[in-house]
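Remarks on the structure that follows.
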Amino acid sequence: MRVHVGPEPAAELQDAVLAAGAELAPAAEATGLVWFGAGPERFAEYDHPGLEWVQLPAAGIEPWLAAGALREGITVTSAAGSYAETVAEHALGLMLAGARGLHQAARAERWDRPGRARTLFGATVGIVGAGGIGRALIGLLRPFGVRVLAINRSGRPVDGAERTWPADAPDALGTLLERSDHVVVAAPATAATAALIDAAALARMKDDAWLINVARGSLVDTGALVEALDAGRIGGAALDVTDPEPLPDGHPLFGHPRALITPHSANPKPLLLPALARRVRDNVRRRLAGEPLIGVVDLEAGY
């Protein structure tokens with residue numbers, strides 16, 4: 001098996017290909033392509049009739065679908081699940097910061113204790129999209145003794161969750177929102193999840209509940225969220241992803257007393273590359289052995 005790593009030939013990814021037992025090759029001669037360092041607009045430069053498999057570097061593939069870059073006849077794998085622990089750790093940090101008012105303390109210019117603070121211990125956490133990130137987060141939350149409610153695509157019970165609903169169950173989202181002290185959005189971005197958290201959904205949340213989004217900004221209606229925060233209809237929002245992204249300078253979410261924004265940094269490059277290299281090594285080894293690949297993309301489902 002001959003594999004090309006590009007457009008950016010990251011040494012960590014090349015080493016992973018070699019460690020798995022494949023050869024490195026020029027793009028035109030490769031049957032496998034590990035994509036890194038550019039967007040889908042450059043994919044045509046590397047595509048050719050002999051290309052059989054493409055490993056993408058991100059869990060979400062919406063830019064590739066929007067660009068129409070993925071053609072039939074190629075097996076495409078995403079990095080879904082590769083960064084679950086890193087993103088779950090960031091989500092936990094956002095939850096703790098919101099609960100204990102750390103975002104306000106960090107901005108303060110005078111010694112003033114927050115008037116409202118909460119604890120994660122014994123709280124109810126709703127996870128919308130309980131895939132790899134959600135499952136990793138449940139593990140991190142165990143010491144806090146939280147009650148977990150989960151929604152996933154299949155409705156199969158999630159280990160550690162008291163209740164799991166399938167995404168298409170009637171009023172599953174509304175019930176989860178009403179019962180949760182912290183709502184973590186970790187679902188894929190698809191046509192079905194666009195603006196999933198809209199004004200109606202926000203109205204179902206507790207007035208002191210926090211919304212945490214570590215998925216994609218498109219899952220939350222930003223305008224509706226700002227209105228809910230301004231009116232105090234929810235406790236707050238901690239967002240690693242936004243719509244639009246990046247947020248324009250001076251956007252109301254920056255500096256909002258009920259909001260905490262991180263710049264899509266739940267999975268920074270120094271942590272991304274080692275995790276992606278492990279996925280590349282795994283999938284190259286599996287392909288050589290004729291075993292099922294991890295993260296195979298369902299183009300119709302959008303992830």
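Order determines the names: the first chain of the structure tokens is A, the second B, and so forth; residues in each chain are numbered 1 upward, and ligands are numbered 1 upward as they are shown.
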Sorted per-residue table, range 250-294 of chain A near range 52-72 of chain A, closest atoms and distance, 10 Å, only C-alpha atoms, as JSON lines:
```
{"residue": "A:Leu272", "atom": "CA", "partner": "A:Pro57", "partner_atom": "CA", "distance": 8.8}
{"residue": "A:Leu273", "atom": "CA", "partner": "A:Pro57", "partner_atom": "CA", "distance": 9.0}
{"residue": "A:Ala275", "atom": "CA", "partner": "A:Pro57", "partner_atom": "CA", "distance": 9.9}
{"residue": "A:Leu276", "atom": "CA", "partner": "A:Pro57", "partner_atom": "CA", "distance": 6.7}
{"residue": "A:Ala277", "atom": "CA", "partner": "A:Pro57", "partner_atom": "CA", "distance": 9.5}
{"residue": "A:Arg279", "atom": "CA", "partner": "A:Gln55", "partner_atom": "CA", "distance": 9.0}
{"residue": "A:Val280", "atom": "CA", "partner": "A:Gln55", "partner_atom": "CA", "distance": 7.3}
{"residue": "A:Asn283", "atom": "CA", "partner": "A:Gln55", "partner_atom": "CA", "distance": 8.4}
{"residue": "A:Val284", "atom": "CA", "partner": "A:Gln55", "partner_atom": "CA", "distance": 9.5}
{"residue": "A:Arg287", "atom": "CA", "partner": "A:Trp53", "partner_atom": "CA", "distance": 9.2}
{"residue": "A:Ile294", "atom": "CA", "partner": "A:Gln55", "partner_atom": "CA", "distance": 9.9}
```
- [ ] Apply DSSP to the structure's backbone, then extract all residues of range 30-135 of chain A labelled alpha helix (DSSP H) and return them as a PyMOL selection string.
- [x] chain A and resi 62-67+84-100+102-107+132-135
TODO: Do a neighbour search on Gln14 in chain A at 12 Å with only C-alpha atoms, toss out local chain neighbours closer than 3 positions, and write the hits as a PyMOL selection string.
DONE: chain A and resi 2-6+8-11+17-25+33-36+273-274+276-278+280-281+284
Task: Near-Arg100 in chain A list (7 Å; only C-alpha atoms; drop same-chain fewer than 6 positions) as a PyMOL selection string - done: chain A and resi 117-119
Task: strand (DSSP E or B) per DSSP on the backbone: members of range 66-271 of chain A, as a PyMOL selection string - done: chain A and resi 75-77+124-128+147-152+163-166+182-185+197+210-213+220+236-239+259-261
Open item on the list: Which residues are near range 232-240 of chain A? Cut-off 10 Å, only C-alpha atoms, ignore same chain within fewer than 2 positions. Put them as a ChimeraX atom specification.
Closed with: /A:87,90-91,93-95,97-99,101,103,116,181-185,202-217,220,225-230,242,253,256-267
Prev. selection, C-alpha atoms, output as a PDB file, in the first residue's frame:
```pdb
ATOM      1  CA  VAL A  87     -12.517  17.926  23.614  1.00  0.00           C
ATOM      2  CA  HIS A  90     -12.245  21.220  27.418  1.00  0.00           C
ATOM      3  CA  ALA A  91     -15.996  20.775  27.846  1.00  0.00           C
ATOM      4  CA  GLY A  93     -13.360  23.017  31.938  1.00  0.00           C
ATOM      5  CA  LEU A  94     -16.091  25.158  30.411  1.00  0.00           C
ATOM      6  CA  MET A  95     -18.718  23.559  32.642  1.00  0.00           C
ATOM      7  CA  ALA A  97     -15.900  27.764  34.762  1.00  0.00           C
ATOM      8  CA  GLY A  98     -19.559  28.526  34.182  1.00  0.00           C
ATOM      9  CA  ALA A  99     -20.750  26.845  37.360  1.00  0.00           C
ATOM     10  CA  GLY A 101     -18.316  31.996  37.793  1.00  0.00           C
ATOM     11  CA  HIS A 103     -15.343  33.754  33.572  1.00  0.00           C
ATOM     12  CA  ARG A 116     -24.215  33.277  42.243  1.00  0.00           C
ATOM     13  CA  ASP A 181     -28.549  21.897  34.800  1.00  0.00           C
ATOM     14  CA  HIS A 182     -25.842  21.794  32.119  1.00  0.00           C
ATOM     15  CA  VAL A 183     -26.540  21.046  28.446  1.00  0.00           C
ATOM     16  CA  VAL A 184     -23.546  19.907  26.394  1.00  0.00           C
ATOM     17  CA  VAL A 185     -23.893  20.010  22.604  1.00  0.00           C
ATOM     18  CA  LEU A 202     -33.623  27.761  24.846  1.00  0.00           C
ATOM     19  CA  ALA A 203     -37.054  28.506  26.308  1.00  0.00           C
ATOM     20  CA  ARG A 204     -37.237  24.902  27.536  1.00  0.00           C
ATOM     21  CA  MET A 205     -34.019  25.226  29.556  1.00  0.00           C
ATOM     22  CA  LYS A 206     -33.903  26.032  33.273  1.00  0.00           C
ATOM     23  CA  ASP A 207     -33.334  29.701  34.008  1.00  0.00           C
ATOM     24  CA  ASP A 208     -30.014  28.902  35.714  1.00  0.00           C
ATOM     25  CA  ALA A 209     -28.833  26.205  33.287  1.00  0.00           C
ATOM     26  CA  TRP A 210     -25.680  26.558  31.203  1.00  0.00           C
ATOM     27  CA  LEU A 211     -25.321  25.689  27.526  1.00  0.00           C
ATOM     28  CA  ILE A 212     -21.927  24.291  26.456  1.00  0.00           C
ATOM     29  CA  ASN A 213     -21.183  23.860  22.742  1.00  0.00           C
ATOM     30  CA  VAL A 214     -18.091  21.903  21.667  1.00  0.00           C
ATOM     31  CA  ALA A 215     -19.601  20.606  18.407  1.00  0.00           C
ATOM     32  CA  ARG A 216     -20.127  23.173  15.633  1.00  0.00           C
ATOM     33  CA  GLY A 217     -21.492  26.692  15.796  1.00  0.00           C
ATOM     34  CA  VAL A 220     -26.950  26.946  17.973  1.00  0.00           C
ATOM     35  CA  LEU A 225     -28.864  32.713  22.293  1.00  0.00           C
ATOM     36  CA  VAL A 226     -27.832  36.363  22.706  1.00  0.00           C
ATOM     37  CA  GLU A 227     -31.471  37.301  23.348  1.00  0.00           C
ATOM     38  CA  ALA A 228     -31.828  34.547  25.957  1.00  0.00           C
ATOM     39  CA  LEU A 229     -28.619  35.631  27.701  1.00  0.00           C
ATOM     40  CA  ASP A 230     -29.606  39.307  27.656  1.00  0.00           C
ATOM     41  CA  THR A 242     -19.805  29.819  17.162  1.00  0.00           C
ATOM     42  CA  LEU A 253     -20.957  37.417  23.090  1.00  0.00           C
ATOM     43  CA  HIS A 256     -21.061  39.158  27.942  1.00  0.00           C
ATOM     44  CA  PRO A 257     -21.463  38.617  31.696  1.00  0.00           C
ATOM     45  CA  ARG A 258     -23.261  35.327  31.053  1.00  0.00           C
ATOM     46  CA  ALA A 259     -20.951  34.016  28.318  1.00  0.00           C
ATOM     47  CA  LEU A 260     -17.540  32.404  28.038  1.00  0.00           C
ATOM     48  CA  ILE A 261     -15.965  32.090  24.586  1.00  0.00           C
ATOM     49  CA  THR A 262     -12.907  30.061  23.585  1.00  0.00           C
ATOM     50  CA  PRO A 263     -11.689  30.329  19.956  1.00  0.00           C
ATOM     51  CA  HIS A 264     -12.340  26.776  18.706  1.00  0.00           C
ATOM     52  CA  SER A 265      -9.404  25.658  20.807  1.00  0.00           C
ATOM     53  CA  ALA A 266     -10.727  22.472  22.417  1.00  0.00           C
ATOM     54  CA  ASN A 267      -8.363  20.539  20.153  1.00  0.00           C
TER      55      ASN A 267
END
```
- [ ] For Asp221 in chain A, please output as an MDAnalysis selection string all residues within 10 Å (counting only C-alpha atoms; exclusion window: fewer than 2 positions along the same chain).
- [x] chainID A and resid 194:199 201:202 217:219 223:226 242:243
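For the residues A:Ala84, A:Arg107, A:Met1, A:Glu29, ranking by smallest atom-to-atom distance to Gly255 in chain A using only C-alpha atoms places A:Arg107 first.
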TODO: Excluding His48 in chain A and any residue of its chain fewer than 3 positions from it, enumerate the residues within 9 Å of it, using only C-alpha atoms, and give them as a ChimeraX atom specification.
DONE: /A:27-30,44-45,51
Output file for the selection above: all heavy atoms, as a PDB file, in the first residue's frame:
```pdb
ATOM      1  N   ALA A  27       1.752  11.880  -4.565  1.00  0.00           N
ATOM      2  CA  ALA A  27       0.287  11.853  -4.622  1.00  0.00           C
ATOM      3  C   ALA A  27      -0.229  11.101  -5.839  1.00  0.00           C
ATOM      4  O   ALA A  27      -1.196  10.344  -5.746  1.00  0.00           O
ATOM      5  CB  ALA A  27      -0.245  13.274  -4.617  1.00  0.00           C
ATOM      6  N   ALA A  28       0.384  11.291  -6.987  1.00  0.00           N
ATOM      7  CA  ALA A  28      -0.102  10.683  -8.221  1.00  0.00           C
ATOM      8  C   ALA A  28       0.043   9.165  -8.234  1.00  0.00           C
ATOM      9  O   ALA A  28      -0.580   8.491  -9.056  1.00  0.00           O
ATOM     10  CB  ALA A  28       0.634  11.278  -9.420  1.00  0.00           C
ATOM     11  N   GLU A  29       0.861   8.622  -7.323  1.00  0.00           N
ATOM     12  CA  GLU A  29       1.103   7.178  -7.299  1.00  0.00           C
ATOM     13  C   GLU A  29       0.469   6.498  -6.094  1.00  0.00           C
ATOM     14  O   GLU A  29       0.573   5.288  -5.933  1.00  0.00           O
ATOM     15  CB  GLU A  29       2.615   6.904  -7.296  1.00  0.00           C
ATOM     16  CG  GLU A  29       3.344   7.485  -8.493  1.00  0.00           C
ATOM     17  CD  GLU A  29       4.855   7.351  -8.360  1.00  0.00           C
ATOM     18  OE1 GLU A  29       5.301   6.600  -7.471  1.00  0.00           O
ATOM     19  OE2 GLU A  29       5.573   8.003  -9.133  1.00  0.00           O
ATOM     20  N   ALA A  30      -0.192   7.272  -5.251  1.00  0.00           N
ATOM     21  CA  ALA A  30      -0.691   6.729  -3.994  1.00  0.00           C
ATOM     22  C   ALA A  30      -2.092   6.153  -4.134  1.00  0.00           C
ATOM     23  O   ALA A  30      -2.934   6.685  -4.861  1.00  0.00           O
ATOM     24  CB  ALA A  30      -0.695   7.824  -2.928  1.00  0.00           C
ATOM     25  N   ALA A  44      -8.832  18.410  -5.549  1.00  0.00           N
ATOM     26  CA  ALA A  44      -8.741  17.997  -6.953  1.00  0.00           C
ATOM     27  C   ALA A  44      -7.298  17.855  -7.419  1.00  0.00           C
ATOM     28  O   ALA A  44      -7.002  17.069  -8.330  1.00  0.00           O
ATOM     29  CB  ALA A  44      -9.479  18.992  -7.847  1.00  0.00           C
ATOM     30  N   GLU A  45      -6.393  18.594  -6.788  1.00  0.00           N
ATOM     31  CA  GLU A  45      -4.973  18.501  -7.159  1.00  0.00           C
ATOM     32  C   GLU A  45      -4.391  17.132  -6.810  1.00  0.00           C
ATOM     33  O   GLU A  45      -3.377  16.723  -7.390  1.00  0.00           O
ATOM     34  CB  GLU A  45      -4.157  19.573  -6.433  1.00  0.00           C
ATOM     35  CG  GLU A  45      -4.581  21.002  -6.694  1.00  0.00           C
ATOM     36  CD  GLU A  45      -3.831  21.970  -5.791  1.00  0.00           C
ATOM     37  OE1 GLU A  45      -2.663  21.680  -5.446  1.00  0.00           O
ATOM     38  OE2 GLU A  45      -4.419  23.004  -5.410  1.00  0.00           O
ATOM     39  N   LEU A  51      -6.786   6.478  -6.696  1.00  0.00           N
ATOM     40  CA  LEU A  51      -6.950   6.783  -5.276  1.00  0.00           C
ATOM     41  C   LEU A  51      -8.146   6.008  -4.726  1.00  0.00           C
ATOM     42  O   LEU A  51      -9.261   6.114  -5.241  1.00  0.00           O
ATOM     43  CB  LEU A  51      -7.159   8.289  -5.077  1.00  0.00           C
ATOM     44  CG  LEU A  51      -7.223   8.787  -3.636  1.00  0.00           C
ATOM     45  CD1 LEU A  51      -5.914   8.525  -2.910  1.00  0.00           C
ATOM     46  CD2 LEU A  51      -7.548  10.279  -3.613  1.00  0.00           C
TER      47      LEU A  51
END
```
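Nearest to Thr190 in chain A of all the residues A:Asp159, A:Asp282, A:Glu300, A:Glu291 is A:Glu300, based on only C-alpha atoms.
Distance-wise, CA of Arg163 in chain A and CA of Ala150 in chain A end up 6.2 Å apart.
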